[in-house]
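A.B. asks: If it helps, the file is called input23.cif and holds mmCIF, C-alpha atoms and all ligand atoms:
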```
data_upload
loop_
_atom_site.label_atom_id
_atom_site.label_comp_id
_atom_site.auth_asym_id
_atom_site.auth_seq_id
_atom_site.Cartn_x
_atom_site.Cartn_y
_atom_site.Cartn_z
CA MET A 1 104.93 75.70 81.57
CA GLU A 2 108.01 73.81 82.75
CA ASN A 3 107.88 71.67 85.86
CA PHE A 4 108.88 73.88 88.80
CA PRO A 5 108.32 72.19 92.15
CA TRP A 6 107.33 74.90 94.63
CA PRO A 7 109.43 74.45 97.77
CA HIS A 8 107.60 76.75 100.19
CA LYS A 9 104.76 75.90 102.57
CA ASP A 10 103.95 79.59 103.19
CA LEU A 11 104.26 83.05 101.63
CA LEU A 12 105.24 85.33 104.52
CA ASP A 13 107.29 87.90 102.60
CA VAL A 14 109.11 88.24 99.31
CA ASP A 15 112.58 87.77 100.79
CA GLY A 16 111.79 84.06 101.19
CA LEU A 17 111.69 83.81 97.37
CA SER A 18 114.68 83.37 95.07
CA ILE A 19 114.75 85.52 91.93
CA ALA A 20 113.87 82.43 89.85
CA GLU A 21 110.91 81.69 92.14
CA SER A 22 109.62 85.27 91.90
CA GLN A 23 109.92 85.17 88.10
CA HIS A 24 108.17 81.77 88.01
CA LEU A 25 105.35 83.13 90.17
CA LEU A 26 104.95 86.13 87.82
CA ASP A 27 105.04 83.81 84.76
CA THR A 28 102.35 81.63 86.38
CA ALA A 29 100.26 84.74 87.08
CA GLU A 30 100.58 85.70 83.40
CA GLN A 31 99.02 82.37 82.43
CA PHE A 32 96.21 82.90 84.92
CA GLN A 33 95.57 86.37 83.52
CA GLU A 34 94.69 84.65 80.24
CA ILE A 35 92.14 82.51 82.11
CA ASN A 36 90.71 85.72 83.59
CA SER A 37 89.92 86.96 80.09
CA ARG A 38 87.94 83.82 79.14
CA ALA A 39 84.13 83.71 79.07
CA VAL A 40 84.23 80.95 81.71
CA LYS A 41 86.82 82.07 84.23
CA LYS A 42 87.17 78.87 86.19
CA VAL A 43 89.60 75.94 86.22
CA PRO A 44 89.54 72.90 88.50
CA ALA A 45 93.12 73.29 89.77
CA LEU A 46 92.23 73.55 93.48
CA ARG A 47 88.95 71.60 93.51
CA GLY A 48 88.39 70.14 96.96
CA LYS A 49 90.81 72.56 98.66
CA GLY A 50 89.67 74.95 101.40
CA VAL A 51 90.94 78.52 101.76
CA ILE A 52 90.16 80.59 104.89
CA LEU A 53 90.30 84.36 104.44
CA PHE A 54 91.07 85.64 107.94
CA PHE A 55 91.09 89.44 107.70
CA ALA A 56 91.48 91.05 111.12
CA GLU A 57 91.97 94.43 109.37
CA ASN A 58 89.75 95.95 106.70
CA SER A 59 90.45 95.36 103.02
CA THR A 60 88.73 95.87 99.69
CA ARG A 61 91.32 94.84 97.09
CA THR A 62 93.29 92.10 98.83
CA LYS A 63 90.37 90.24 100.38
CA THR A 64 88.13 90.39 97.32
CA SER A 65 90.89 89.38 94.94
CA PHE A 66 91.99 86.43 97.10
CA ASP A 67 88.35 85.32 97.24
CA ILE A 68 87.90 85.65 93.47
CA ALA A 69 91.28 83.99 92.84
CA ALA A 70 90.44 80.98 95.02
CA LYS A 71 86.99 80.60 93.44
CA ARG A 72 88.42 80.80 89.91
CA LEU A 73 90.65 77.88 90.90
CA SER A 74 87.55 76.01 92.20
CA ALA A 75 88.65 76.14 95.86
CA ASP A 76 86.07 76.66 98.61
CA THR A 77 86.51 79.90 100.56
CA PHE A 78 85.47 80.83 104.07
CA SER A 79 85.71 84.38 105.41
CA LEU A 80 86.42 85.53 108.94
CA GLY A 81 86.81 89.17 109.98
CA LYS A 82 87.89 90.69 113.28
CA ASN A 83 84.40 91.85 114.23
CA ASP A 84 82.68 88.58 113.36
CA SER A 85 85.33 86.42 115.06
CA SER A 86 85.82 85.54 118.74
CA LEU A 87 88.86 87.84 118.83
CA THR A 88 86.33 90.41 120.06
CA LYS A 89 85.58 88.10 123.04
CA GLY A 90 89.24 87.94 124.02
CA GLU A 91 90.30 84.77 122.20
CA SER A 92 94.02 84.88 121.48
CA LEU A 93 95.57 84.76 118.00
CA LYS A 94 97.13 81.41 118.94
CA ASP A 95 93.77 79.87 119.90
CA THR A 96 92.14 81.37 116.81
CA ALA A 97 94.87 79.76 114.69
CA LEU A 98 94.52 76.36 116.35
CA THR A 99 90.72 76.54 116.01
CA LEU A 100 90.98 77.29 112.29
CA GLN A 101 93.59 74.53 111.87
CA ALA A 102 91.21 72.00 113.46
CA MET A 103 88.84 72.59 110.51
CA SER A 104 91.59 71.38 108.11
CA PRO A 105 91.89 74.27 105.67
CA ASP A 106 94.62 73.88 103.07
CA ILE A 107 95.50 77.57 103.04
CA ILE A 108 94.89 80.41 105.51
CA VAL A 109 95.23 83.95 104.16
CA ILE A 110 95.74 86.36 107.05
CA ARG A 111 95.75 90.14 107.41
CA HIS A 112 96.50 91.48 110.86
CA ALA A 113 97.56 94.77 112.46
CA LEU A 114 100.47 93.09 114.29
CA SER A 115 103.78 92.81 112.46
CA GLY A 116 104.77 89.14 112.62
CA ALA A 117 101.20 87.76 112.90
CA ALA A 118 101.52 85.64 109.73
CA SER A 119 104.84 84.21 110.80
CA PHE A 120 103.40 83.46 114.27
CA LEU A 121 100.56 81.51 112.64
CA SER A 122 102.87 79.58 110.33
CA ASP A 123 104.66 78.13 113.36
CA LYS A 124 101.37 76.99 114.88
CA VAL A 125 99.54 75.34 111.97
CA ASP A 126 100.19 72.85 109.18
CA SER A 127 98.08 74.74 106.64
CA SER A 128 99.88 77.04 104.21
CA ILE A 129 99.89 80.63 105.48
CA VAL A 130 99.72 83.60 103.11
CA ASN A 131 100.52 87.00 104.55
CA ALA A 132 97.96 89.48 103.22
CA GLY A 133 99.57 92.32 105.19
CA ASP A 134 100.88 92.36 108.78
CA GLY A 135 101.34 95.71 110.50
CA TRP A 136 104.22 97.69 109.01
CA HIS A 137 106.13 94.52 108.17
CA ALA A 138 105.20 93.00 104.83
CA HIS A 139 102.60 92.75 102.06
CA PRO A 140 104.18 90.24 99.67
CA THR A 141 101.29 89.79 97.24
CA GLN A 142 101.07 93.59 96.81
CA ALA A 143 104.76 93.73 95.87
CA LEU A 144 104.31 90.79 93.50
CA LEU A 145 101.32 92.38 91.77
CA ASP A 146 103.22 95.67 91.50
CA ALA A 147 106.16 93.83 89.92
CA TYR A 148 103.75 92.05 87.57
CA THR A 149 102.19 95.39 86.56
CA LEU A 150 105.52 97.09 85.86
CA ARG A 151 106.98 94.04 84.10
CA LYS A 152 103.98 93.98 81.74
CA TYR A 153 104.04 97.76 81.24
CA TRP A 154 107.66 97.70 80.09
CA ARG A 155 107.38 94.39 78.20
CA ASP A 156 104.55 95.90 76.11
CA LYS A 157 107.10 98.58 75.13
CA ASN A 158 109.79 95.93 74.40
CA GLN A 159 111.68 97.00 77.51
CA THR A 160 112.80 95.11 80.62
CA MET A 161 112.77 95.98 84.31
CA GLN A 162 116.56 95.72 84.57
CA GLY A 163 118.12 99.05 85.53
CA LYS A 164 114.82 100.95 85.61
CA SER A 165 114.33 103.37 88.50
CA LEU A 166 111.25 103.27 90.74
CA LEU A 167 110.50 106.12 93.12
CA ILE A 168 108.41 105.24 96.19
CA VAL A 169 106.98 108.37 97.75
CA GLY A 170 105.00 109.12 100.92
CA ASP A 171 104.54 107.45 104.30
CA VAL A 172 107.43 104.99 104.05
CA ALA A 173 107.70 104.64 107.83
CA HIS A 174 104.36 102.89 108.28
CA SER A 175 104.22 101.10 104.94
CA ARG A 176 104.40 97.33 104.58
CA VAL A 177 103.88 97.90 100.85
CA ALA A 178 107.11 99.94 100.67
CA ARG A 179 109.11 97.38 102.64
CA SER A 180 108.05 94.40 100.48
CA ASN A 181 108.40 96.41 97.26
CA ILE A 182 111.92 97.58 98.10
CA LYS A 183 113.03 93.96 98.61
CA LEU A 184 111.34 92.54 95.52
CA MET A 185 112.04 95.35 93.06
CA THR A 186 115.70 95.47 94.07
CA ALA A 187 115.99 91.70 93.62
CA LEU A 188 114.42 92.03 90.16
CA GLY A 189 117.05 94.56 89.09
CA LEU A 190 115.34 97.92 89.64
CA GLN A 191 116.98 100.87 91.34
CA VAL A 192 114.64 102.00 94.09
CA ARG A 193 114.48 105.62 95.24
CA ILE A 194 112.50 106.78 98.24
CA PHE A 195 111.21 110.16 99.29
CA ALA A 196 109.31 110.73 102.53
CA PRO A 197 108.61 113.72 104.74
CA LYS A 198 111.32 113.69 107.46
CA THR A 199 108.92 112.42 110.15
CA LEU A 200 107.74 109.57 107.88
CA LEU A 201 111.18 108.25 106.96
CA PRO A 202 111.93 105.27 109.22
CA LYS A 203 115.06 105.03 111.34
CA GLY A 204 117.55 102.72 109.65
CA ALA A 205 116.37 103.50 106.10
CA GLU A 206 119.93 104.59 105.33
CA HIS A 207 120.88 100.90 105.50
CA TRP A 208 118.22 99.85 102.94
CA PRO A 209 119.29 99.20 99.33
CA VAL A 210 117.69 102.45 98.15
CA GLN A 211 118.62 105.99 97.22
CA ILE A 212 117.05 108.44 99.70
CA PHE A 213 116.12 111.93 98.48
CA ASP A 214 115.45 115.05 100.55
CA SER A 215 113.45 116.85 97.85
CA LEU A 216 110.48 115.49 95.92
CA ASP A 217 111.44 117.41 92.79
CA LYS A 218 114.91 115.84 92.82
CA ALA A 219 113.51 112.38 93.58
CA VAL A 220 111.05 112.42 90.66
CA ARG A 221 113.56 113.74 88.12
CA ASP A 222 114.09 111.06 85.42
CA ALA A 223 112.37 108.33 87.49
CA ASP A 224 111.07 105.53 85.23
CA ALA A 225 108.03 104.90 87.46
CA VAL A 226 106.55 106.48 90.59
CA MET A 227 104.62 104.68 93.33
CA CYS A 228 102.65 106.77 95.82
CA LEU A 229 101.91 105.34 99.26
CA ARG A 230 98.81 105.74 101.36
CA LEU A 231 99.14 107.89 104.48
CA GLN A 232 98.67 105.26 107.20
CA LEU A 233 96.91 107.58 109.63
CA GLU A 234 95.64 104.61 111.67
CA ARG A 235 99.24 103.56 112.47
CA GLN A 236 100.72 107.01 113.13
CA ALA A 237 101.49 108.65 116.45
CA ALA A 238 100.15 112.18 116.84
CA GLY A 239 102.42 115.00 115.75
CA LEU A 240 104.14 113.29 112.83
CA LEU A 241 102.33 115.33 110.21
CA PRO A 242 101.63 118.95 109.44
CA HIS A 243 98.00 119.82 108.71
CA LEU A 244 96.76 117.55 105.90
CA SER A 245 96.31 120.49 103.52
CA GLU A 246 99.97 121.41 104.11
CA TYR A 247 100.96 117.78 103.50
CA ALA A 248 99.01 117.79 100.23
CA GLU A 249 100.65 121.03 99.11
CA LYS A 250 104.17 119.72 99.74
CA PHE A 251 103.97 115.99 99.06
CA CYS A 252 101.05 115.18 96.74
CA LEU A 253 102.18 113.77 93.36
CA THR A 254 100.97 116.07 90.58
CA ARG A 255 101.23 116.38 86.82
CA ARG A 256 103.81 119.14 87.31
CA LEU A 257 106.01 116.70 89.21
CA MET A 258 105.45 113.88 86.71
CA ASP A 259 106.65 116.22 83.94
CA LEU A 260 110.09 115.92 85.61
CA ALA A 261 110.02 112.10 85.42
CA ALA A 262 111.23 110.04 82.46
CA PRO A 263 108.91 110.42 79.43
CA GLY A 264 105.95 108.01 79.73
CA ALA A 265 106.73 107.12 83.36
CA PRO A 266 103.67 105.45 84.93
CA VAL A 267 102.11 106.17 88.32
CA LEU A 268 101.20 103.40 90.75
CA HIS A 269 99.32 103.42 94.05
CA PRO A 270 98.49 100.29 96.09
CA GLY A 271 95.15 101.76 97.14
CA PRO A 272 93.05 102.82 98.80
CA MET A 273 93.99 106.26 97.39
CA ASN A 274 93.40 109.50 99.20
CA ARG A 275 92.95 111.68 96.13
CA GLY A 276 94.34 115.17 96.39
CA LEU A 277 96.51 114.13 99.36
CA GLU A 278 98.85 111.44 97.99
CA VAL A 279 98.08 111.71 94.27
CA ALA A 280 96.32 114.50 92.38
CA ASP A 281 92.82 113.68 91.18
CA ASP A 282 93.55 114.33 87.48
CA LEU A 283 96.78 112.30 87.62
CA ALA A 284 95.00 109.35 89.22
CA ASP A 285 92.51 109.34 86.32
CA SER A 286 95.11 109.96 83.60
CA SER A 287 96.56 107.47 81.12
CA ALA A 288 99.77 107.46 83.23
CA SER A 289 97.91 105.75 86.08
CA LEU A 290 98.33 101.96 86.44
CA VAL A 291 96.16 101.80 89.55
CA LEU A 292 93.42 99.64 88.01
CA ASP A 293 95.99 97.49 86.17
CA GLN A 294 97.42 96.78 89.64
CA VAL A 295 94.00 95.66 90.87
CA SER A 296 93.53 93.40 87.85
CA ALA A 297 97.04 91.95 88.29
CA GLY A 298 96.13 91.24 91.92
CA VAL A 299 93.65 88.53 90.93
CA ALA A 300 96.14 86.76 88.64
CA VAL A 301 99.03 87.02 91.11
CA ARG A 302 96.88 85.70 93.96
CA MET A 303 95.70 82.83 91.74
CA ALA A 304 99.37 82.02 91.15
CA VAL A 305 100.17 82.15 94.88
CA LEU A 306 97.23 79.92 95.85
CA PHE A 307 97.94 77.54 92.97
CA LEU A 308 101.66 77.15 93.76
CA LEU A 309 101.01 76.62 97.48
CA GLY A 310 97.96 74.41 96.94
CA THR A 311 99.63 72.09 94.40
CA ARG A 312 103.21 72.18 95.65
CA LYS A 313 103.23 68.43 96.23
CA SER A 314 101.63 67.56 92.88
CA GLY A 315 101.05 70.29 90.48
CA ALA A 316 100.75 70.75 86.77
CA PHE A 317 99.30 73.93 85.27
CA PRO A 318 95.56 73.47 84.46
CA ALA A 319 94.40 73.18 80.84
N1 LIG B 401 96.45 97.57 98.66
C1 LIG B 401 95.70 96.99 99.61
O1 LIG B 401 96.19 96.16 100.40
O2 LIG B 401 94.39 97.38 99.59
P1 LIG B 401 93.25 96.83 100.57
O3 LIG B 401 93.58 97.36 101.94
O4 LIG B 401 91.96 97.36 100.02
O5 LIG B 401 93.31 95.33 100.56
#
```
Give the structure from the file, written as structure tokens.
Ligand code: CP
C.D. replies:
Amino acid sequence: MENFPWPHKDLLDVDGLSIAESQHLLDTAEQFQEINSRAVKKVPALRGKGVILFFAENSTRTKTSFDIAAKRLSADTFSLGKNDSSLTKGESLKDTALTLQAMSPDIIVIRHALSGAASFLSDKVDSSIVNAGDGWHAHPTQALLDAYTLRKYWRDKNQTMQGKSLLIVGDVAHSRVARSNIKLMTALGLQVRIFAPKTLLPKGAEHWPVQIFDSLDKAVRDADAVMCLRLQLERQAAGLLPHLSEYAEKFCLTRRLMDLAAPGAPVLHPGPMNRGLEVADDLADSSASLVLDQVSAGVAVRMAVLFLLGTRKSGAFPA
């Protein structure tokens, strides 16, 4: 891999990355995916480095894959959750950040319910900060792993991402995944469509670089890929939704809808999935589903993120 000095201390969102940097990160992840298929899945690239996983919101995929990614690079990881931290005793986010900084970690990966929490931390500490999801704002590694998954899917068919259409469907208003994906996919040359129930379409979406549809049938027609979003019930005010069974009837992605999409169009979901609500059970388990490819890509992409941040002052790709 060519020498590509990484200029960023942190990864707060994808709009801090140039197109060349995003492509380099995905290329680096591709090399790490090869390491993930070896019998011994470990390289010494980050030996001696410390990574704190500070997850003040629950996570299965993101937390586990950052932990695995760091360990495969030989870094030491330390986990802190909201309920086992002194946040529950009233300690502020600022004091938590300064306390963690005093233990000299090289990288802090943070998930927090407050939009802007990662950026707040990056101003307070010298360690690299990786945003693993902050409120409705951003989830950059999710967008990067989604881009990785789609790039590979089309490359395996001798196609490129350029000009392909991606429909994002569901609770756009509360989705950090949608916001980061819209920025990254647009930068990488995709045309992004969105469809959301009226109450789950955020104010100002008309200014986003997307095509907004008012009918799910119309939105899916000829789409090259479809990404369902999780209903973020924990972030919603009361009254935004009809009864969940009515939501499922109107807005759940089904095989009938996917028959309207471009032939072979894949289905993505960032997880966790609410089957039968956001995506039909049989569709989620079908060959069109890239959901588990996304999870697998998550390890490689997070290895690339940790590697580029952890070696930005030195770094050659490990043998
Ligand atoms: N997609 C995602 O962020 O999943 P987790 O909440 O399980 O990390």
A.B. asks: Would you compute the distance between atom CA of A:Leu144 and atom CA of A:Leu166? Give it in Å to one decimal.
C.D. replies: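 Between these atoms lies a distance of 14.5 Å.
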A.B. asks: Dump as a list of chain:residue names all residues having an atom at most 10 Å from (115.2, 103.4, 91.3), computed in the file's coordinates with all atoms listed in the file.
C.D. replies: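 Output: A:Gly163, A:Lys164, A:Ser165, A:Leu166, A:Leu167, A:Ile168, A:Ile182, A:Met185, A:Thr186, A:Gly189, A:Leu190, A:Gln191, A:Val192, A:Arg193, A:Ile194, A:Pro209, A:Val210, A:Gln211, A:Ile212, A:Ala219, A:Val220, A:Asp222, A:Ala223, A:Asp224, A:Ala225, A:Val226.
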A.B. asks: For ligand LIG 401 (chain B), list the contacting residues at 9 Å or closer, counting all atoms listed in the file, as JSON, numbers by chain.
C.D. replies: {"A": [57, 58, 59, 60, 61, 62, 63, 64, 65, 111, 132, 133, 139, 141, 142, 177, 230, 269, 270, 271, 272, 295]}
A.B. asks: Using all atoms listed in the file, which residues sit within 8 Å of stretch 72-86 of chain A once same-chain residues fewer than 6 positions away are excluded, as a ChimeraX atom specification?
C.D. replies: /A:41-57,96,303,307
A.B. asks: May I have the residues within 8 Å of A:Leu309 as a tab-separated table (two decimals) with C-alpha atoms, in the frame of the given file, using only C-alpha atoms and disregarding those fewer than 3 positions away in the same chain?
C.D. replies:
```tsv
chain	number	residue	atom	x	y	z
A	6	TRP	CA	107.33	74.90	94.63
A	8	HIS	CA	107.60	76.75	100.19
A	9	LYS	CA	104.76	75.90	102.57
A	10	ASP	CA	103.95	79.59	103.19
A	107	ILE	CA	95.50	77.57	103.04
A	128	SER	CA	99.88	77.04	104.21
A	305	VAL	CA	100.17	82.15	94.88
A	306	LEU	CA	97.23	79.92	95.85
A	312	ARG	CA	103.21	72.18	95.65
```
A.B. asks: Set the distance at 10 Å and use all atoms listed in the file: which residues neighbour A:Met258 once local chain neighbours fewer than 4 positions away are removed? I'd like the list as a list in words.
C.D. replies: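 That gives Asp217, Val220, Arg221, Asp222, Ala223, Ala225, Val226, Leu253, Thr254, Ala262, Pro263, Gly264, Ala265, Pro266, Val267, Leu283 and Ala288 of chain A.
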A.B. asks: Save the residues we just selected, C-alpha atoms, as a CSV table (one decimal), keeping the file's coordinate frame?
C.D. replies:
```csv
chain,number,residue,atom,x,y,z
A,217,ASP,CA,111.4,117.4,92.8
A,220,VAL,CA,111.0,112.4,90.7
A,221,ARG,CA,113.6,113.7,88.1
A,222,ASP,CA,114.1,111.1,85.4
A,223,ALA,CA,112.4,108.3,87.5
A,225,ALA,CA,108.0,104.9,87.5
A,226,VAL,CA,106.6,106.5,90.6
A,253,LEU,CA,102.2,113.8,93.4
A,254,THR,CA,101.0,116.1,90.6
A,262,ALA,CA,111.2,110.0,82.5
A,263,PRO,CA,108.9,110.4,79.4
A,264,GLY,CA,106.0,108.0,79.7
A,265,ALA,CA,106.7,107.1,83.4
A,266,PRO,CA,103.7,105.4,84.9
A,267,VAL,CA,102.1,106.2,88.3
A,283,LEU,CA,96.8,112.3,87.6
A,288,ALA,CA,99.8,107.5,83.2
```
A.B. asks: One decimal, in Å: what's the spacing between atom CA of A:Gly298 and atom CA of A:His112?
C.D. replies: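 About the pair atom CA of A:Gly298 and atom CA of A:His112: they are 18.9 Å apart.
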A.B. asks: Hey, what's within 10 Å of A:Arg235 if we count all atoms listed in the file and toss same-chain stuff fewer than 6 positions away? As a list in words, please?
C.D. replies: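 Final neighbour list, sorted by chain and number: Ala113, Gly135, Trp136, Ala173, His174 and Ser175 of chain A.
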A.B. asks: Output C-alpha atoms for every residue in that selection, as a short mmCIF file (atom, residue, chain, number, x, y, z; two decimals), keeping the file's coordinate frame.
C.D. replies:
```
data_model
loop_
_atom_site.label_atom_id
_atom_site.label_comp_id
_atom_site.auth_asym_id
_atom_site.auth_seq_id
_atom_site.Cartn_x
_atom_site.Cartn_y
_atom_site.Cartn_z
CA ALA A 113 97.56 94.77 112.46
CA GLY A 135 101.34 95.71 110.50
CA TRP A 136 104.22 97.69 109.01
CA ALA A 173 107.70 104.64 107.83
CA HIS A 174 104.36 102.89 108.28
CA SER A 175 104.22 101.10 104.94
#
```
A.B. asks: Between atom CA of A:Lys250 and atom CA of A:Gln236, what is the distance in Å, rounded to a tenth?
C.D. replies: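 Calculated distance between atom CA of A:Lys250 and atom CA of A:Gln236 is 18.8 Å.
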A.B. asks: (90.4, 86.0, 89.6) in this file's frame - what residues fall within 6 Å of it? Use all atoms listed in the file and give the answer as a ChimeraX atom specification.
C.D. replies: /A:68-69,72,299-300
A.B. asks: Could you write out that same residue set with C-alpha atoms as a PDB file, in the coordinates of the input?
C.D. replies:
```pdb
ATOM      1  CA  ILE A  68      87.900  85.650  93.470  1.00  0.00           C
ATOM      2  CA  ALA A  69      91.280  83.990  92.840  1.00  0.00           C
ATOM      3  CA  ARG A  72      88.420  80.800  89.910  1.00  0.00           C
ATOM      4  CA  VAL A 299      93.650  88.530  90.930  1.00  0.00           C
ATOM      5  CA  ALA A 300      96.140  86.760  88.640  1.00  0.00           C
TER       6      ALA A 300
END
```
A.B. asks: Hey, which of A:His243, A:Lys218, A:Arg155, A:Arg302 ends up closest to A:Ala261? Count only C-alpha atoms.
C.D. replies: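 Checking each of A:His243, A:Lys218, A:Arg155, A:Arg302 against A:Ala261, counting only C-alpha atoms, the winner is A:Lys218.
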A.B. asks: For stretch 16-28 of chain A, find every residue with an atom within 7 Å (counting all atoms listed in the file), except residues of its own chain fewer than 5 positions away, and show them as a ChimeraX atom specification.
C.D. replies: /A:148,187-188,301,304
A.B. asks: Choose the residue, out of A:Leu244, A:Ala205, A:Leu12, A:Leu114, that has the smallest atom-to-atom separation from A:Ile129; count only C-alpha atoms.
C.D. replies: A:Leu12
A.B. asks: Kindly reconstruct stretch 275-292 of chain A with N, CA, C and O atoms and present the result as a PDB file, keeping the file's coordinate frame.
C.D. replies:
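Writing done, so here's rebuild-v7.pdb:
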```
ATOM      1  N   ARG A 275      92.745 110.754  97.253  1.00  0.00           N
ATOM      2  CA  ARG A 275      92.950 111.680  96.130  1.00  0.00           C
ATOM      3  C   ARG A 275      93.150 113.094  96.638  1.00  0.00           C
ATOM      4  O   ARG A 275      92.465 113.528  97.559  1.00  0.00           O
ATOM      5  N   GLY A 276      94.080 113.788  96.004  1.00  0.00           N
ATOM      6  CA  GLY A 276      94.340 115.170  96.390  1.00  0.00           C
ATOM      7  C   GLY A 276      95.270 115.274  97.596  1.00  0.00           C
ATOM      8  O   GLY A 276      95.650 116.371  97.994  1.00  0.00           O
ATOM      9  N   LEU A 277      95.617 114.145  98.198  1.00  0.00           N
ATOM     10  CA  LEU A 277      96.510 114.130  99.360  1.00  0.00           C
ATOM     11  C   LEU A 277      97.826 113.415  98.977  1.00  0.00           C
ATOM     12  O   LEU A 277      98.918 113.919  99.181  1.00  0.00           O
ATOM     13  N   GLU A 278      97.668 112.206  98.399  1.00  0.00           N
ATOM     14  CA  GLU A 278      98.850 111.440  97.990  1.00  0.00           C
ATOM     15  C   GLU A 278      99.083 111.557  96.484  1.00  0.00           C
ATOM     16  O   GLU A 278     100.215 111.529  96.012  1.00  0.00           O
ATOM     17  N   VAL A 279      97.990 111.621  95.731  1.00  0.00           N
ATOM     18  CA  VAL A 279      98.080 111.710  94.270  1.00  0.00           C
ATOM     19  C   VAL A 279      96.963 112.647  93.796  1.00  0.00           C
ATOM     20  O   VAL A 279      95.829 112.570  94.298  1.00  0.00           O
ATOM     21  N   ALA A 280      97.317 113.522  92.854  1.00  0.00           N
ATOM     22  CA  ALA A 280      96.320 114.500  92.380  1.00  0.00           C
ATOM     23  C   ALA A 280      95.216 113.766  91.620  1.00  0.00           C
ATOM     24  O   ALA A 280      95.473 112.771  90.916  1.00  0.00           O
ATOM     25  N   ASP A 281      94.007 114.290  91.777  1.00  0.00           N
ATOM     26  CA  ASP A 281      92.820 113.680  91.180  1.00  0.00           C
ATOM     27  C   ASP A 281      93.004 113.436  89.674  1.00  0.00           C
ATOM     28  O   ASP A 281      92.769 112.332  89.175  1.00  0.00           O
ATOM     29  N   ASP A 282      93.440 114.475  88.944  1.00  0.00           N
ATOM     30  CA  ASP A 282      93.550 114.330  87.480  1.00  0.00           C
ATOM     31  C   ASP A 282      94.651 113.346  87.104  1.00  0.00           C
ATOM     32  O   ASP A 282      94.521 112.622  86.116  1.00  0.00           O
ATOM     33  N   LEU A 283      95.707 113.261  87.907  1.00  0.00           N
ATOM     34  CA  LEU A 283      96.780 112.300  87.620  1.00  0.00           C
ATOM     35  C   LEU A 283      96.294 110.868  87.849  1.00  0.00           C
ATOM     36  O   LEU A 283      96.592 109.960  87.069  1.00  0.00           O
ATOM     37  N   ALA A 284      95.521 110.695  88.915  1.00  0.00           N
ATOM     38  CA  ALA A 284      95.000 109.350  89.220  1.00  0.00           C
ATOM     39  C   ALA A 284      94.093 108.830  88.107  1.00  0.00           C
ATOM     40  O   ALA A 284      94.016 107.619  87.871  1.00  0.00           O
ATOM     41  N   ASP A 285      93.423 109.745  87.407  1.00  0.00           N
ATOM     42  CA  ASP A 285      92.510 109.340  86.320  1.00  0.00           C
ATOM     43  C   ASP A 285      93.166 109.419  84.948  1.00  0.00           C
ATOM     44  O   ASP A 285      92.517 109.177  83.934  1.00  0.00           O
ATOM     45  N   SER A 286      94.448 109.750  84.899  1.00  0.00           N
ATOM     46  CA  SER A 286      95.110 109.960  83.600  1.00  0.00           C
ATOM     47  C   SER A 286      95.602 108.638  83.017  1.00  0.00           C
ATOM     48  O   SER A 286      95.623 107.608  83.701  1.00  0.00           O
ATOM     49  N   SER A 287      96.052 108.694  81.762  1.00  0.00           N
ATOM     50  CA  SER A 287      96.560 107.470  81.120  1.00  0.00           C
ATOM     51  C   SER A 287      97.874 107.012  81.750  1.00  0.00           C
ATOM     52  O   SER A 287      98.304 105.880  81.541  1.00  0.00           O
ATOM     53  N   ALA A 288      98.529 107.871  82.551  1.00  0.00           N
ATOM     54  CA  ALA A 288      99.770 107.460  83.230  1.00  0.00           C
ATOM     55  C   ALA A 288      99.486 106.530  84.408  1.00  0.00           C
ATOM     56  O   ALA A 288     100.382 105.843  84.897  1.00  0.00           O
ATOM     57  N   SER A 289      98.241 106.506  84.859  1.00  0.00           N
ATOM     58  CA  SER A 289      97.910 105.750  86.080  1.00  0.00           C
ATOM     59  C   SER A 289      97.747 104.257  85.783  1.00  0.00           C
ATOM     60  O   SER A 289      96.974 103.863  84.913  1.00  0.00           O
ATOM     61  N   LEU A 290      98.467 103.425  86.567  1.00  0.00           N
ATOM     62  CA  LEU A 290      98.330 101.960  86.440  1.00  0.00           C
ATOM     63  C   LEU A 290      97.527 101.382  87.602  1.00  0.00           C
ATOM     64  O   LEU A 290      97.563 100.181  87.834  1.00  0.00           O
ATOM     65  N   VAL A 291      96.803 102.236  88.304  1.00  0.00           N
ATOM     66  CA  VAL A 291      96.160 101.800  89.550  1.00  0.00           C
ATOM     67  C   VAL A 291      95.183 100.628  89.299  1.00  0.00           C
ATOM     68  O   VAL A 291      95.176  99.639  90.038  1.00  0.00           O
ATOM     69  N   LEU A 292      94.378 100.722  88.246  1.00  0.00           N
ATOM     70  CA  LEU A 292      93.420  99.640  88.010  1.00  0.00           C
ATOM     71  C   LEU A 292      94.090  98.417  87.378  1.00  0.00           C
ATOM     72  O   LEU A 292      93.628  97.283  87.576  1.00  0.00           O
TER      73      LEU A 292
END
```
